[in-house]
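This is work.cif (mmCIF, C-alpha atoms).
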data_structure
loop_
_atom_site.group_PDB
_atom_site.id
_atom_site.type_symbol
_atom_site.label_atom_id
_atom_site.label_comp_id
_atom_site.auth_asym_id
_atom_site.auth_seq_id
_atom_site.Cartn_x
_atom_site.Cartn_y
_atom_site.Cartn_z
ATOM 1 C CA VAL A 265 0.000 0.000 0.000
ATOM 2 C CA LEU A 266 2.841 2.370 0.809
ATOM 3 C CA GLY A 267 4.510 1.644 -2.542
ATOM 4 C CA LEU A 268 1.249 2.243 -4.394
ATOM 5 C CA ALA A 269 0.667 5.455 -2.451
ATOM 6 C CA LEU A 270 4.144 6.742 -3.325
ATOM 7 C CA ALA A 271 3.585 5.868 -6.977
ATOM 8 C CA GLY A 272 0.179 7.527 -6.768
ATOM 9 C CA PHE A 273 1.746 10.758 -5.554
ATOM 10 C CA GLY A 274 3.867 10.763 -8.695
ATOM 11 C CA VAL A 275 1.071 9.804 -11.086
ATOM 12 C CA ALA A 276 -1.834 11.789 -9.595
ATOM 13 C CA PRO A 277 -0.793 15.165 -11.063
ATOM 14 C CA LEU A 278 -0.961 13.659 -14.553
ATOM 15 C CA PHE A 279 -4.691 13.147 -13.947
ATOM 16 C CA CYS A 280 -5.177 16.511 -12.174
ATOM 17 C CA LEU A 281 -5.720 14.751 -8.829
ATOM 18 C CA GLU A 282 -4.647 16.390 -5.594
ATOM 19 C CA PRO A 283 -2.320 14.342 -3.334
ATOM 20 C CA VAL A 284 -4.971 14.315 -0.605
ATOM 21 C CA TRP A 285 -7.009 11.802 -2.624
ATOM 22 C CA VAL A 286 -4.062 9.411 -2.899
ATOM 23 C CA ALA A 287 -3.408 9.684 0.834
ATOM 24 C CA ALA A 288 -7.105 9.194 1.650
ATOM 25 C CA ALA A 289 -7.295 6.085 -0.552
ATOM 26 C CA ALA A 290 -4.211 4.558 1.096
ATOM 27 C CA ALA A 291 -5.539 5.326 4.577
ATOM 28 C CA THR A 292 -8.914 3.801 3.677
ATOM 29 C CA VAL A 293 -7.292 0.580 2.414
ATOM 30 C CA LEU A 294 -5.147 0.261 5.553
ATOM 31 C CA ALA A 295 -8.088 0.995 7.852
ATOM 32 C CA ALA A 296 -10.384 -1.458 6.038
ATOM 33 C CA ARG A 297 -7.752 -4.194 6.245
ATOM 34 C CA ALA A 298 -7.201 -3.609 9.967
ATOM 35 C CA LEU A 299 -10.971 -3.626 10.595
ATOM 36 C CA ALA A 300 -11.484 -6.799 8.523
ATOM 37 C CA ARG A 301 -8.788 -8.625 10.497
ATOM 38 C CA ARG A 302 -10.295 -7.322 13.748
ATOM 39 C CA ARG A 303 -6.962 -5.785 14.734
ATOM 40 C CA VAL A 304 -8.607 -2.464 15.570
ATOM 41 C CA ARG A 305 -12.043 -1.056 16.389
ATOM 42 C CA VAL A 306 -13.750 1.849 14.636
ATOM 43 C CA THR A 307 -13.570 3.940 17.809
ATOM 44 C CA VAL A 308 -9.796 3.503 17.920
ATOM 45 C CA LEU A 309 -9.474 4.543 14.252
ATOM 46 C CA VAL A 310 -11.536 7.671 14.888
ATOM 47 C CA ALA A 311 -9.489 8.518 17.977
ATOM 48 C CA GLU A 312 -6.177 7.946 16.146
ATOM 49 C CA ALA A 313 -7.296 10.146 13.241
ATOM 50 C CA ASN A 314 -7.082 13.002 15.762
ATOM 51 C CA LEU A 315 -9.874 15.082 14.287
ATOM 52 C CA LEU A 316 -8.970 18.037 16.517
ATOM 53 C CA LEU A 317 -5.478 18.129 14.987
ATOM 54 C CA CYS A 318 -6.998 17.985 11.484
ATOM 55 C CA LEU A 319 -9.311 20.872 12.379
ATOM 56 C CA PHE A 320 -6.352 22.786 13.825
ATOM 57 C CA VAL A 321 -4.333 22.337 10.609
ATOM 58 C CA PHE A 322 -7.311 23.459 8.505
ATOM 59 C CA GLY A 323 -7.771 26.542 10.696
ATOM 60 C CA LEU A 324 -4.047 27.198 10.536
ATOM 61 C CA ALA A 325 -4.201 27.452 6.746
ATOM 62 C CA ILE A 326 -6.915 30.098 7.008
ATOM 63 C CA VAL A 327 -5.032 32.086 9.653
ATOM 64 C CA VAL A 328 -1.773 31.912 7.706
ATOM 65 C CA GLU A 329 -3.450 33.257 4.572
ATOM 66 C CA ALA A 330 -4.846 36.184 6.563
ATOM 67 C CA ILE A 331 -1.451 36.871 8.156
ATOM 68 C CA SER A 332 0.200 36.707 4.754
ATOM 69 C CA ARG A 333 -2.193 39.219 3.241
ATOM 70 C CA HIS A 334 -2.360 41.686 6.104
ATOM 71 C CA LEU A 335 0.765 41.400 8.246
ATOM 72 C CA LEU A 336 3.835 39.446 7.101
ATOM 73 C CA GLY A 337 3.383 39.205 3.348
ATOM 74 C CA ALA A 338 4.990 42.513 2.415
ATOM 75 C CA PRO A 339 8.001 42.224 4.759
ATOM 76 C CA LEU A 340 8.699 38.664 3.621
ATOM 77 C CA ARG A 341 8.407 39.672 -0.044
ATOM 78 C CA ALA A 342 10.983 42.386 0.623
ATOM 79 C CA LEU A 343 13.379 39.912 2.284
ATOM 80 C CA LEU A 344 13.106 37.098 -0.259
ATOM 81 C CA PRO A 345 15.588 37.426 -3.116
ATOM 82 C CA GLU A 346 14.498 37.306 -6.751
ATOM 83 C CA GLY A 347 17.174 35.134 -8.400
ATOM 84 C CA THR A 348 18.289 31.546 -8.169
ATOM 85 C CA GLY A 349 22.005 32.123 -7.705
ATOM 86 C CA LEU A 350 23.780 30.464 -4.798
ATOM 87 C CA ALA A 351 23.485 33.493 -2.482
ATOM 88 C CA SER A 352 19.779 33.897 -3.286
ATOM 89 C CA LEU A 353 19.036 30.219 -2.709
ATOM 90 C CA LEU A 354 20.971 30.234 0.577
ATOM 91 C CA LEU A 355 19.134 33.328 1.809
ATOM 92 C CA THR A 356 15.771 31.838 0.830
ATOM 93 C CA ALA A 357 16.518 28.555 2.617
ATOM 94 C CA VAL A 358 17.800 30.315 5.743
ATOM 95 C CA LEU A 359 14.726 32.585 5.896
ATOM 96 C CA ALA A 360 12.489 29.530 5.517
ATOM 97 C CA ALA A 361 14.413 27.680 8.255
ATOM 98 C CA VAL A 362 14.244 30.612 10.682
ATOM 99 C CA LEU A 363 10.545 31.144 10.012
ATOM 100 C CA ALA A 364 9.850 27.420 10.483
ATOM 101 C CA ASN A 365 11.605 27.446 13.849
ATOM 102 C CA LEU A 366 9.617 30.504 14.924
ATOM 103 C CA VAL A 367 6.133 29.433 13.812
ATOM 104 C CA ASN A 368 6.498 25.708 12.871
ATOM 105 C CA ASN A 369 7.209 24.355 9.408
ATOM 106 C CA LEU A 370 3.625 23.842 8.282
ATOM 107 C CA PRO A 371 2.515 27.478 8.684
ATOM 108 C CA ALA A 372 5.926 28.647 7.441
ATOM 109 C CA THR A 373 5.480 26.627 4.240
ATOM 110 C CA LEU A 374 1.966 27.951 3.708
ATOM 111 C CA LEU A 375 3.074 31.503 4.404
ATOM 112 C CA LEU A 376 6.111 31.409 2.121
ATOM 113 C CA LEU A 377 4.252 29.758 -0.750
ATOM 114 C CA SER A 378 1.558 32.398 -0.434
ATOM 115 C CA VAL A 379 4.182 35.159 -0.509
ATOM 116 C CA LEU A 380 5.995 33.651 -3.521
ATOM 117 C CA GLY A 381 2.864 33.941 -5.621
ATOM 118 C CA PRO A 382 1.409 31.702 -8.318
ATOM 119 C CA HIS A 383 4.500 31.145 -10.513
ATOM 120 C CA PRO A 384 7.736 31.181 -8.483
ATOM 121 C CA ALA A 385 10.985 29.844 -9.898
ATOM 122 C CA ALA A 386 11.424 26.128 -9.274
ATOM 123 C CA GLY A 387 14.781 26.729 -7.566
ATOM 124 C CA THR A 388 13.190 29.190 -5.148
ATOM 125 C CA VAL A 389 10.434 26.741 -4.212
ATOM 126 C CA LEU A 390 12.995 23.977 -3.694
ATOM 127 C CA ALA A 391 15.113 26.260 -1.489
ATOM 128 C CA VAL A 392 12.016 27.038 0.599
ATOM 129 C CA LEU A 393 11.279 23.320 0.907
ATOM 130 C CA LEU A 394 14.846 22.629 2.022
ATOM 131 C CA GLY A 395 14.588 25.404 4.607
ATOM 132 C CA VAL A 396 11.245 24.313 6.053
ATOM 133 C CA ASN A 397 12.197 20.625 6.126
ATOM 134 C CA LEU A 398 15.822 20.697 7.317
ATOM 135 C CA GLY A 399 15.753 23.924 9.322
ATOM 136 C CA PRO A 400 13.110 22.905 11.878
ATOM 137 C CA ASN A 401 15.343 20.135 13.192
ATOM 138 C CA ALA A 402 17.039 22.803 15.306
ATOM 139 C CA THR A 403 14.081 23.119 17.724
ATOM 140 C CA TYR A 404 11.322 20.936 19.140
ATOM 141 C CA LEU A 405 8.595 23.269 17.937
ATOM 142 C CA GLY A 406 10.008 23.760 14.454
ATOM 143 C CA SER A 407 8.367 20.758 12.817
ATOM 144 C CA LEU A 408 4.893 19.298 12.989
ATOM 145 C CA ALA A 409 6.453 15.856 12.450
ATOM 146 C CA THR A 410 8.725 16.358 15.473
ATOM 147 C CA LEU A 411 5.731 17.296 17.619
ATOM 148 C CA LEU A 412 3.850 14.201 16.443
ATOM 149 C CA TRP A 413 6.845 11.906 17.043
ATOM 150 C CA ARG A 414 7.379 13.457 20.466
ATOM 151 C CA ARG A 415 3.772 12.565 21.290
ATOM 152 C CA VAL A 416 4.325 8.960 20.148
ATOM 153 C CA LEU A 417 7.589 8.668 22.083
ATOM 154 C CA ALA A 418 5.987 10.089 25.237
ATOM 155 C CA GLY A 419 3.314 7.416 24.914
ATOM 156 C CA VAL A 420 5.964 4.714 25.239
ATOM 157 C CA GLY A 421 8.000 6.536 27.896
ATOM 158 C CA ALA A 422 10.933 7.494 25.667
ATOM 159 C CA THR A 423 10.736 11.297 25.543
ATOM 160 C CA PRO A 424 14.066 12.766 24.362
ATOM 161 C CA ARG A 425 15.620 15.530 26.410
ATOM 162 C CA TRP A 426 15.096 18.948 24.832
ATOM 163 C CA ARG A 427 18.654 20.148 25.520
ATOM 164 C CA GLU A 428 20.178 17.215 23.680
ATOM 165 C CA PHE A 429 17.708 17.663 20.809
ATOM 166 C CA HIS A 430 18.608 21.361 20.448
ATOM 167 C CA ARG A 431 22.334 20.723 20.776
ATOM 168 C CA LEU A 432 22.289 18.113 18.025
ATOM 169 C CA GLY A 433 20.072 20.349 15.889
ATOM 170 C CA LEU A 434 22.448 23.290 16.200
ATOM 171 C CA TYR A 435 25.327 21.071 15.097
ATOM 172 C CA THR A 436 23.607 19.417 12.168
ATOM 173 C CA VAL A 437 21.095 21.903 10.715
ATOM 174 C CA PRO A 438 23.498 24.581 9.412
ATOM 175 C CA LEU A 439 25.756 22.007 7.764
ATOM 176 C CA THR A 440 22.965 19.967 6.166
ATOM 177 C CA LEU A 441 21.106 23.076 5.020
ATOM 178 C CA PHE A 442 24.229 24.586 3.459
ATOM 179 C CA ALA A 443 25.245 21.328 1.739
ATOM 180 C CA SER A 444 21.724 20.749 0.427
ATOM 181 C CA VAL A 445 21.391 24.256 -0.989
ATOM 182 C CA VAL A 446 24.806 24.000 -2.663
ATOM 183 C CA ALA A 447 23.696 20.673 -4.203
ATOM 184 C CA LEU A 448 20.445 22.309 -5.353
ATOM 185 C CA TRP A 449 22.327 25.229 -6.888
ATOM 186 C CA ALA A 450 24.766 22.866 -8.641
ATOM 187 C CA SER A 451 21.932 20.744 -10.027
ATOM 188 C CA LEU A 452 20.123 23.834 -11.313
ATOM 189 C CA ALA A 453 23.335 24.953 -13.009
ATOM 190 C CA VAL A 454 23.873 21.564 -14.663
ATOM 191 C CA LEU A 455 20.320 20.526 -15.558
ATOM 192 C CA PRO A 456 18.540 22.359 -18.365
ATOM 193 C CA GLY A 457 15.610 24.555 -17.325
ATOM 194 C CA PRO A 458 12.017 24.173 -18.528
#

So, in terms of structure tokens, how does the structure I just supplied come out?
Amino acid sequence: VLGLALAGFGVAPLFCLEPVWVAAAAATVLAARALARRRVRVTVLVAEANLLLCLFVFGLAIVVEAISRHLLGAPLRALLPEGTGLASLLLTAVLAAVLANLVNNLPATLLLLSVLGPHPAAGTVLAVLLGVNLGPNATYLGSLATLLWRRVLAGVGATPRWREFHRLGLYTVPLTLFASVVALWASLAVLPGP
């Protein structure tokens, strides 16, 4: 199911399907299989779906759009560079990483994509994605995935210490972000554009 879902994410755009439909289909297949084998009850599936978190994420998208239009959009547009040279890509990735650590990577992604407009350069979007995916590893609150994993780990009594998490993040994030952006810049320089 995971392999089909991953393939579906690649094929869905060819049929003008949003990724949410691929994810929903995969989740439905997994849930139906677990229910058929009596490995889980419907009440457990509903509880694990965490409908409050889903509602929070939906509300977050609305709030971020409002903030982008009325508060942070103009300052971020002024800070984001126009080109796709190495310095521009590095600045874009660093701004995305800082923003993700301040407000979490999900709202940072929504905010930056809103600010970039409908047709940003592919290199700029990729630099933003590097920033909001690698950058948040510097803090606990930087990534929605980290918050979710922390919840799972706490459930089994294995909560990592925040000081160690931040120390490791401060060592690894700058290096991985820099190396990834340099690799992005090099690939953009070598590969032909659209």

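Between His430 of chain A and the residues A:Pro400, A:Gly347, A:Ala453, A:Ala409, the shortest atom-to-atom distance, using all atoms listed in the file, involves A:Pro400.
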
Sort by chain and increasing residue number a table of all residues of segment 289-331 of chain A within 7 Å of segment 367-376 of chain A, each with its closest pair of atoms and their distance in Å to one decimal, counting all atoms listed in the file, and write it as CSV.
residue,atom,partner,partner_atom,distance
A:Leu324,CA,A:Pro371,CA,6.8
A:Ala325,CA,A:Leu374,CA,6.9
A:Val328,CA,A:Leu375,CA,5.9
A:Glu329,CA,A:Leu375,CA,6.8

Exercise for review: Can you turn the PyMOL selection byres ((chain A and resi 448) around 9) into a concrete residue list for this file, as a PyMOL selection string?
Suggested key: chain A and resi 350+353+387+390-391+443-447+449-453

Check your understanding: Which polymer residues have any atom within 7 Å of an atom of Val392 of chain A, counting all atoms listed in the file, with same-chain residues fewer than 2 positions away left out, as a VMD selection string?
Key -> chain A and resid 356 to 357 360 388 to 390 394 to 396

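Shortest separation to Leu439 of chain A among A:Ser352, A:Thr423, A:Asn401, A:Asn314 occurs at residue A:Asn401, atoms counted being only C-alpha atoms.
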
Review point. In Å, with one decimal, what is the gap from atom CA of Leu344 of chain A to atom CA of Tyr404 of chain A?
Key: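 About the pair atom CA of Leu344 of chain A and atom CA of Tyr404 of chain A: they are 25.3 Å apart.
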
Padding 3 Å on each side, edges along x, y and z: where is the centre of the box around the listed atoms of segment 416-419 of chain A, and how long are its edges in Å to one decimal? Output it as AutoDock Vina command-line options.
--center_x 5.5 --center_y 8.8 --center_z 22.7 --size_x 10.3 --size_y 8.7 --size_z 11.1

Practice item. Quick one: everything within 10 Å of Trp426 of chain A, counting all atoms listed in the file, minus sequence neighbours fewer than 5 positions away in the same chain. Send it as JSON, numbers by chain. Key: {"A": [403, 404, 431, 432]}

Practice item. One decimal, Å: what's the distance from atom CA of Leu355 of chain A over to atom CA of Phe442 of chain A, could you say? Key: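 Taking atom CA of Leu355 of chain A and atom CA of Phe442 of chain A, their separation equals 10.3 Å.
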
Check your understanding: Could you work out how far atom CA of Thr440 of chain A lies from atom CA of Leu398 of chain A, giving the answer in Å with one decimal?
Key ->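 Here the two named atoms are 7.3 Å from each other.
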
Check your understanding: Between A:Ser407, A:Asn397, A:Ser332, A:Asn365, which one has atoms that come closest to Leu380 of chain A, using only C-alpha atoms?
Key ->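 Smallest distance to Leu380 of chain A is found for A:Ser332.
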
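Nearest to Pro438 of chain A of all the residues A:Leu354, A:Ala418, A:Gly381, A:Pro424 is A:Leu354, counting all atoms listed in the file.
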
Practice item. Counting all atoms listed in the file, figure out which residue out of A:Ala385, A:Ile326, A:Val275, A:Ala361 gets nearest to Pro345 of chain A. Key: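 Result for the nearest residue to Pro345 of chain A: A:Ala385.
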
**Study point:** Test item: the PyMOL selection byres ((chain A and resi 284-290) around 8) resolved as a list in words
**Key:**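 Listing what the PyMOL selection byres ((chain A and resi 284-290) around 8) selects in the shown file: Val265, Leu266, Ala269, Gly272, Phe273, Ala276, Leu281, Glu282, Pro283, Ala291, Thr292, Val293 and Leu294 of chain A.
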
Can you rebuild segment 314-345 of chain A with N, CA and C atoms and give it as a CSV table (one decimal), in the coordinates of the input?
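Contents of result16.csv, freshly written:
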chain,number,residue,atom,x,y,z
A,314,ASN,N,-7.3,11.7,15.1
A,314,ASN,CA,-7.1,13.0,15.8
A,314,ASN,C,-7.8,14.1,15.0
A,315,LEU,N,-9.1,14.1,15.0
A,315,LEU,CA,-9.9,15.1,14.3
A,315,LEU,C,-9.6,16.5,14.8
A,316,LEU,N,-9.3,16.7,16.0
A,316,LEU,CA,-9.0,18.0,16.5
A,316,LEU,C,-7.7,18.6,15.9
A,317,LEU,N,-6.7,17.7,15.7
A,317,LEU,CA,-5.5,18.1,15.0
A,317,LEU,C,-5.8,18.5,13.5
A,318,CYS,N,-6.6,17.7,12.9
A,318,CYS,CA,-7.0,18.0,11.5
A,318,CYS,C,-7.7,19.3,11.4
A,319,LEU,N,-8.6,19.6,12.3
A,319,LEU,CA,-9.3,20.9,12.4
A,319,LEU,C,-8.3,22.0,12.6
A,320,PHE,N,-7.4,21.8,13.5
A,320,PHE,CA,-6.4,22.8,13.8
A,320,PHE,C,-5.5,23.1,12.6
A,321,VAL,N,-5.1,22.1,11.8
A,321,VAL,CA,-4.3,22.3,10.6
A,321,VAL,C,-5.2,23.1,9.6
A,322,PHE,N,-6.4,22.7,9.4
A,322,PHE,CA,-7.3,23.5,8.5
A,322,PHE,C,-7.4,24.9,8.9
A,323,GLY,N,-7.7,25.2,10.2
A,323,GLY,CA,-7.8,26.5,10.7
A,323,GLY,C,-6.5,27.3,10.5
A,324,LEU,N,-5.4,26.6,10.7
A,324,LEU,CA,-4.0,27.2,10.5
A,324,LEU,C,-3.9,27.7,9.1
A,325,ALA,N,-4.3,27.0,8.1
A,325,ALA,CA,-4.2,27.5,6.7
A,325,ALA,C,-5.0,28.8,6.5
A,326,ILE,N,-6.1,28.9,7.1
A,326,ILE,CA,-6.9,30.1,7.0
A,326,ILE,C,-6.2,31.3,7.7
A,327,VAL,N,-5.7,31.0,8.9
A,327,VAL,CA,-5.0,32.1,9.7
A,327,VAL,C,-3.8,32.5,8.9
A,328,VAL,N,-3.0,31.6,8.4
A,328,VAL,CA,-1.8,31.9,7.7
A,328,VAL,C,-2.1,32.8,6.5
A,329,GLU,N,-3.1,32.5,5.7
A,329,GLU,CA,-3.4,33.3,4.6
A,329,GLU,C,-3.8,34.7,5.0
A,330,ALA,N,-4.5,34.8,6.1
A,330,ALA,CA,-4.8,36.2,6.6
A,330,ALA,C,-3.6,36.9,7.0
A,331,ILE,N,-2.7,36.2,7.7
A,331,ILE,CA,-1.5,36.9,8.2
A,331,ILE,C,-0.6,37.3,7.0
A,332,SER,N,-0.6,36.4,6.0
A,332,SER,CA,0.2,36.7,4.8
A,332,SER,C,-0.3,38.0,4.1
A,333,ARG,N,-1.6,38.1,4.0
A,333,ARG,CA,-2.2,39.2,3.2
A,333,ARG,C,-2.1,40.5,4.0
A,334,HIS,N,-2.2,40.5,5.3
A,334,HIS,CA,-2.4,41.7,6.1
A,334,HIS,C,-1.2,42.0,7.0
A,335,LEU,N,-0.3,41.1,7.3
A,335,LEU,CA,0.8,41.4,8.2
A,335,LEU,C,2.2,41.1,7.8
A,336,LEU,N,2.5,39.8,7.4
A,336,LEU,CA,3.8,39.4,7.1
A,336,LEU,C,4.2,39.4,5.6
A,337,GLY,N,3.2,39.4,4.8
A,337,GLY,CA,3.4,39.2,3.3
A,337,GLY,C,4.4,40.2,2.8
A,338,ALA,N,4.1,41.5,3.0
A,338,ALA,CA,5.0,42.5,2.4
A,338,ALA,C,6.4,42.5,3.0
A,339,PRO,N,6.6,42.3,4.3
A,339,PRO,CA,8.0,42.2,4.8
A,339,PRO,C,8.7,41.0,4.2
A,340,LEU,N,8.0,39.9,4.1
A,340,LEU,CA,8.7,38.7,3.6
A,340,LEU,C,9.0,38.8,2.1
A,341,ARG,N,8.1,39.4,1.4
A,341,ARG,CA,8.4,39.7,0.0
A,341,ARG,C,9.6,40.5,-0.2
A,342,ALA,N,9.8,41.5,0.7
A,342,ALA,CA,11.0,42.4,0.6
A,342,ALA,C,12.3,41.6,1.0
A,343,LEU,N,12.2,40.7,1.9
A,343,LEU,CA,13.4,39.9,2.3
A,343,LEU,C,13.8,38.8,1.3
A,344,LEU,N,12.8,38.2,0.6
A,344,LEU,CA,13.1,37.1,-0.3
A,344,LEU,C,13.8,37.6,-1.5
A,345,PRO,N,14.9,37.0,-1.9
A,345,PRO,CA,15.6,37.4,-3.1
A,345,PRO,C,14.9,37.0,-4.4
